[in-house]
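Undergrad: Got a structure for you, questions after.
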Amino acid sequence: MSERCKPIVHKALAVVRPQFRLHFAGGIHGLPHWSRVWFHGRALAEAADVDPAVLAWFAFLHDSQRHNDGHDPLHGRRAADFAVRLRKDGVITELEPSAFERLCEAMRLHSDGHTEADAALQACWDADRLDLGRVGIRPHPTRLCTPHAKRGDVIGMAVRMSEGRARSVLTHRSA
């Protein structure tokens with residue numbers, strides 16, 4: 001993990017965990033999902049030459065305001081509003097204003113199925129979509145945005161990770 005992003009992950013977890021309404025350590029939108037989104041986000045940030053700090057904040061905030069694990073169409077907007085509060089409170093300090101705006105837009109739109117946007121938004125959306133295997137959906141290349149995410153080997157590894165069949169890879173690569 002980028003040394004610059006370690007403190008972001010710790011800060012994000014410190015502010016998200018106390019207010020998270022769902023099952024934090026399990027469930028389909030809790031910590032295991034956010035960790036895999038961050039795993040994918042690091043690779044996508046590097047491949048797309050995007051600030052990994054945007055991906056780190058996205059990974060741990062994008063589903064943090066869900067009211068349930070089912071249909072919750074406003075959760076992305078609530079996540080963006082939460083990020084704005086965190087920035088006002090001096091928690092999110094690592095992002096330039098334009099990067100912060102991209103983070104908020106990525107969260108607002110992450111579950112709307114968009115594929116056209118700037119590289120930062122696309123990387124955020126793909127990081128989340130690559131973890132669809134956790135709900136039995138294999139990500140389809142036509143619904144992904146970036147060349148890296150569309151690769152068959154990347155999709156295959158993502159599915160194995162989300163199904164829990166690649167724990168050794170996750171442990172080794174995130175250390």
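So you can find residues: chains in the structure tokens are A, B, ... in the order shown, residues in each start at 1, and ligands are numbered from 1 in order.
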Using only C-alpha atoms, determine which residues lie at most 9 Å from segment 36-52 of chain A, disregarding the query and same-chain residues fewer than 2 positions distant; provide the list as JSON, numbers by chain.
TA: {"A": [1, 2, 4, 5, 31, 32, 33, 34, 54, 55, 56, 57, 58, 59, 60, 95, 99, 119, 120, 123, 124, 126, 127, 128, 129, 130, 131, 146, 147, 148, 149, 158, 161, 162, 170, 173, 174]}
Undergrad: Could you pull out all residues of segment 76-117 of chain A with a DSSP call of alpha helix (DSSP H) and give them as a list in words?
TA: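 Residues of segment 76-117 of chain A classed as alpha helix (DSSP H): Gly76, Arg77, Arg78, Ala79, Ala80, Asp81, Phe82, Ala83, Val84, Arg85, Leu86, Arg87, Lys88, Pro97, Ser98, Ala99, Phe100, Glu101, Arg102, Leu103, Cys104, Glu105, Ala106, Met107, Arg108 and Leu109 of chain A.
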Undergrad: Write out, as a compact mmCIF listing (two decimals), in the first residue's frame, the residues just selected, with C-alpha atoms.
TA:
# COMPACT_ATOMS: atom_id res chain seq x y z
CA GLY A 76 -24.09 7.26 -2.91
CA ARG A 77 -25.42 10.77 -2.46
CA ARG A 78 -25.40 10.31 1.32
CA ALA A 79 -21.79 9.06 1.10
CA ALA A 80 -20.80 12.20 -0.82
CA ASP A 81 -22.56 14.38 1.77
CA PHE A 82 -20.73 12.49 4.52
CA ALA A 83 -17.43 13.17 2.74
CA VAL A 84 -18.27 16.89 2.60
CA ARG A 85 -18.87 16.87 6.37
CA LEU A 86 -15.59 15.01 6.93
CA ARG A 87 -13.74 17.59 4.85
CA LYS A 88 -15.34 20.47 6.77
CA PRO A 97 -10.23 20.51 -4.27
CA SER A 98 -10.58 19.04 -7.77
CA ALA A 99 -9.67 15.53 -6.53
CA PHE A 100 -12.17 15.88 -3.68
CA GLU A 101 -14.89 16.86 -6.17
CA ARG A 102 -14.07 13.77 -8.27
CA LEU A 103 -14.30 11.61 -5.14
CA CYS A 104 -17.74 13.00 -4.32
CA GLU A 105 -18.96 12.58 -7.89
CA ALA A 106 -17.65 9.01 -8.01
CA MET A 107 -19.61 8.20 -4.85
CA ARG A 108 -22.80 9.96 -5.99
CA LEU A 109 -22.84 8.01 -9.27
Undergrad: Please report the interatomic distance between atom CA of Ser111 of chain A and atom CA of Gly90 of chain A in Å with one decimal.
TA: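 Going from atom CA of Ser111 of chain A over to atom CA of Gly90 of chain A covers 27.2 Å.
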Undergrad: I'd like to know which of A:His71, A:Lys6, A:His23, A:His114 is closest to Ala53 of chain A, using only C-alpha atoms.
TA: A:Lys6
Undergrad: Using only C-alpha atoms, which residues sit within 9 Å of Lys11 of chain A once same-chain residues fewer than 4 positions away are excluded, as a ChimeraX atom specification?
TA: /A:6-7,15-16,91-92
Undergrad: Let's have the selection written as a compact mmCIF listing (two decimals), in the first residue's frame, with N, CA and C atoms.
TA:
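Output file selection-v7.txt follows:
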# COMPACT_ATOMS: atom_id res chain seq x y z
N LYS A 6 -1.81 4.79 3.79
CA LYS A 6 -2.03 4.08 5.06
C LYS A 6 -2.80 4.94 6.07
N PRO A 7 -2.39 6.19 6.29
CA PRO A 7 -3.15 7.01 7.24
C PRO A 7 -4.59 7.27 6.78
N VAL A 15 -13.62 6.82 11.24
CA VAL A 15 -14.83 7.64 11.17
C VAL A 15 -16.03 6.86 10.65
N VAL A 16 -15.79 5.82 9.88
CA VAL A 16 -16.90 5.06 9.30
C VAL A 16 -17.47 4.05 10.28
N VAL A 91 -11.10 16.13 8.45
CA VAL A 91 -10.69 14.73 8.39
C VAL A 91 -10.08 14.41 7.03
N ILE A 92 -10.76 14.79 5.96
CA ILE A 92 -10.24 14.55 4.61
C ILE A 92 -9.42 15.77 4.21
Undergrad: For atom CA of Gly136 of chain A and atom CA of His29 of chain A, determine how far apart the two atoms are, in Å to one decimal place.
TA: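 Atom-to-atom, atom CA of Gly136 of chain A and atom CA of His29 of chain A are spaced 13.8 Å apart.
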Undergrad: Tell me which protein, DNA and RNA residues are within 7 Å of Gln122 of chain A, counting only C-alpha atoms, leaving out same-chain ones fewer than 5 positions away, and put them as a list in words.
TA: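 Surrounding residues, per the criterion: Thr115, Ala117, Cys145 and Thr146 of chain A.
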Undergrad: Between atom CA of Lys150 of chain A and atom CA of Arg134 of chain A, what is the distance, to one decimal in Å?
TA: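 Interatomic distance, atom CA of Lys150 of chain A to atom CA of Arg134 of chain A: 17.9 Å.
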